[in-house]
$ cat data-v1.tsv   # TSV, C-alpha atoms
chain	number	residue	atom	x	y	z
J	110	MET	CA	-10.82	-14.21	-7.95
J	111	ASP	CA	-10.18	-12.28	-4.76
J	112	LYS	CA	-10.22	-8.49	-4.39
J	113	MET	CA	-8.24	-5.85	-2.59
J	114	ILE	CA	-10.32	-2.76	-1.79
J	115	LEU	CA	-8.50	0.53	-1.19
J	116	ALA	CA	-9.60	3.55	0.85
J	117	ASP	CA	-11.16	5.29	-2.18
J	118	LYS	CA	-13.17	2.10	-2.91
J	119	THR	CA	-10.95	1.09	-5.85
J	120	GLU	CA	-11.17	-2.68	-6.25
J	121	LEU	CA	-8.14	-4.57	-7.51
J	122	ALA	CA	-8.56	-8.14	-8.74
J	123	ILE	CA	-5.91	-10.27	-7.04
J	124	LYS	CA	-4.99	-13.91	-7.33
J	125	GLU	CA	-6.10	-16.34	-4.65
J	126	GLY	CA	-3.70	-16.80	-1.76
J	127	ALA	CA	-2.54	-13.18	-1.60
J	128	ALA	CA	-0.99	-11.78	1.55
J	129	ILE	CA	-0.35	-8.18	2.50
J	130	GLY	CA	3.35	-8.57	1.71
J	131	SER	CA	2.75	-10.24	-1.64
J	132	ALA	CA	-0.37	-9.80	-3.75
J	133	THR	CA	-0.61	-10.43	-7.49
J	134	THR	CA	-3.09	-8.41	-9.51
J	135	VAL	CA	-4.29	-9.53	-12.93
J	136	VAL	CA	-5.26	-6.94	-15.54
J	137	ASP	CA	-5.99	-6.97	-19.27
J	138	ASP	CA	-3.02	-4.88	-20.44
J	139	PHE	CA	-0.21	-2.53	-19.46
J	140	THR	CA	-2.53	0.49	-19.65
J	141	ALA	CA	-4.69	-1.09	-16.96
J	142	LEU	CA	-1.53	-1.79	-14.94
J	143	GLY	CA	-0.88	1.97	-14.98
J	144	THR	CA	-4.31	2.45	-13.41
J	145	VAL	CA	-3.39	-0.04	-10.68
J	146	ALA	CA	-0.11	1.80	-10.05
J	147	ALA	CA	-1.97	5.12	-9.78
J	148	ALA	CA	-4.44	3.63	-7.28
J	149	LEU	CA	-1.69	2.11	-5.12
J	150	THR	CA	0.33	5.33	-5.04
J	151	LYS	CA	-2.61	7.72	-4.56
J	152	GLU	CA	-2.20	9.76	-1.38
J	153	GLY	CA	-4.13	8.19	1.49
J	154	ASN	CA	-5.34	5.20	-0.50
J	155	LEU	CA	-3.56	2.68	1.72
J	156	GLU	CA	-4.89	4.14	4.96
J	157	SER	CA	-7.69	1.57	4.77
J	158	VAL	CA	-7.28	-1.71	2.90
J	159	LYS	CA	-9.61	-4.70	2.77
J	160	PHE	CA	-9.16	-8.12	1.23
J	161	SER	CA	-12.27	-10.01	0.17
J	162	THR	CA	-13.24	-13.34	-1.32
J	163	ASP	CA	-16.70	-13.76	-2.86
J	164	ASP	CA	-17.84	-10.46	-1.29
J	165	SER	CA	-16.82	-11.61	2.21
J	166	VAL	CA	-14.14	-9.49	3.88
J	167	THR	CA	-11.20	-11.72	4.80
J	168	GLY	CA	-8.87	-9.04	6.16
J	169	GLU	CA	-8.93	-5.37	7.12
J	170	TYR	CA	-5.85	-3.22	7.62
J	171	THR	CA	-5.16	0.45	8.39
J	172	GLY	CA	-2.10	2.65	8.11
J	173	MET	CA	-0.42	0.67	5.36
J	174	LYS	CA	2.51	1.60	3.11
J	175	LEU	CA	3.48	0.37	-0.33
J	176	GLU	CA	6.69	-1.67	-0.48
J	177	SER	CA	9.42	-0.73	-2.93
J	178	PRO	CA	9.80	-1.41	-5.79
J	179	LEU	CA	6.22	-0.75	-6.82
J	180	PHE	CA	5.98	-4.11	-8.59
J	181	SER	CA	8.39	-6.89	-7.64
J	182	ALA	CA	7.41	-8.96	-10.69
J	183	VAL	CA	5.47	-8.29	-13.90
J	184	ASP	CA	4.69	-10.96	-16.47
J	185	LEU	CA	2.37	-11.80	-19.37
J	186	VAL	CA	0.37	-14.94	-18.60
J	187	GLY	CA	-2.33	-16.18	-20.95
J	188	GLY	CA	-2.68	-12.78	-22.60
J	189	LYS	CA	-3.12	-10.98	-19.25
J	190	VAL	CA	-0.64	-8.89	-17.26
J	191	GLU	CA	0.17	-10.20	-13.79
J	192	ALA	CA	1.99	-7.89	-11.40
J	193	THR	CA	3.06	-8.64	-7.84
J	194	PHE	CA	3.30	-5.92	-5.18
J	195	GLY	CA	3.48	-5.75	-1.42
J	196	ILE	CA	2.18	-3.50	1.33
J	197	ARG	CA	3.10	-3.36	4.99
J	198	GLU	CA	2.02	-1.60	8.15
J	199	LYS	CA	3.68	1.77	8.69
J	200	THR	CA	6.30	1.90	11.43
J	201	GLU	CA	5.68	4.00	14.52
J	202	LEU	CA	8.15	6.57	13.19
J	203	GLU	CA	6.32	6.79	9.84
J	204	LYS	CA	3.02	7.26	11.67
J	205	ARG	CA	4.51	10.01	13.85
J	206	VAL	CA	5.98	11.82	10.83
J	207	ASP	CA	2.62	11.54	9.02
J	208	SER	CA	0.88	13.14	12.00
J	209	LEU	CA	3.21	16.14	11.76
J	210	GLU	CA	2.93	16.73	8.01
J	211	GLY	CA	1.53	20.10	7.07
J	212	ARG	CA	1.93	21.61	10.53
J	213	ALA	CA	3.54	25.04	10.39
J	214	ASP	CA	4.87	24.75	13.95
J	215	VAL	CA	7.08	21.72	13.24
J	216	THR	CA	10.74	22.56	12.74
J	217	GLU	CA	13.52	20.47	11.26
J	218	GLY	CA	15.07	20.26	14.72
J	219	ALA	CA	11.83	18.91	16.18
J	220	LEU	CA	11.72	16.23	13.49
J	221	GLN	CA	15.34	15.26	14.13
J	222	GLU	CA	14.66	15.05	17.87
J	223	MET	CA	11.63	12.84	17.26
J	224	ILE	CA	13.62	10.53	14.99
J	225	LEU	CA	16.47	10.23	17.47
J	226	SER	CA	14.12	9.50	20.36
J	227	THR	CA	12.40	6.80	18.31
J	228	MET	CA	15.77	5.23	17.52
J	229	GLY	CA	16.76	5.27	21.20
J	230	GLY	CA	19.20	8.16	20.85
J	231	GLU	CA	19.32	11.29	22.91

$ encode --input "data-v1.tsv" --output "structure tokens"
Amino acid sequence: MDKMILADKTELAIKEGAAIGSATTVVDDFTALGTVAAALTKEGNLESVKFSTDDSVTGEYTGMKLESPLFSAVDLVGGKVEATFGIREKTELEKRVDSLEGRADVTEGALQEMILSTMGGE
């Protein structure tokens, strides 16, 4: 089985053939699925994502964001829980907003101006 490795080194077992927009994890039960959800939604955990097969890295990504809904499909298969989720690269606007978070000198007006300029407005 393949793995997805998050920024905090959490390893998620995923089914073969996964892509960043659609990966299916396989866990023992719904309690374990809660652990997967916590790892995927943990602040900063998608800033660095690796996919691996047999301990060989097959893909590395940075600045990723979880798609919504959290899981697009959840099913019981052979006594295991399979849940499909997707991630994507953050847009330029999302990256710019992230870079401003926590700064005391950023006003609502400055954010609106940044959004409008990104959208091609004035």

$ atom_distance --input "data-v1.tsv" --atom1 "CA of Val135 in chain J" --atom2 "CA of Ala192 in chain J"
6.7 Å

$ atom_distance --input "data-v1.tsv" --atom1 "CA of Met228 in chain J" --atom2 "CA of Arg205 in chain J"
12.8 Å

$ residues_around --input "data-v1.tsv" --residues "Leu175 in chain J" --least-positions-apart "5" --cutoff "9 Å" --atoms "only C-alpha atoms" --output "MDAnalysis selection string"
chainID J and resid 149:150 155 194:198

$ atom_distance --input "data-v1.tsv" --atom1 "CA of Ser165 in chain J" --atom2 "CA of Ala148 in chain J"
21.8 Å

$ closest_residue --input "data-v1.tsv" --among "J:Met113, J:Ala141, J:Ala127, J:Leu121" --to "Val190 in chain J" --atoms "only C-alpha atoms"
J:Ala141

$ residues_around --input "data-v1.tsv" --residues "Ile123 in chain J" --least-positions-apart "6" --cutoff "12 Å" --atoms "only C-alpha atoms" --output "PyMOL selection string"
chain J and resi 110-114+129+131-136+145+159-162+190-195

$ residues_near_point --input "data-v1.tsv" --point "(-10.8, 8.3, -5.3)" --cutoff "12 Å" --atoms "only C-alpha atoms" --output "MDAnalysis selection string"
chainID J and resid 114:120 144 147:155

$ closest_residue --input "data-v1.tsv" --among "J:Asp214, J:Thr171, J:Asp138, J:Lys199" --to "Gly187 in chain J" --atoms "all atoms listed in the file"
J:Asp138
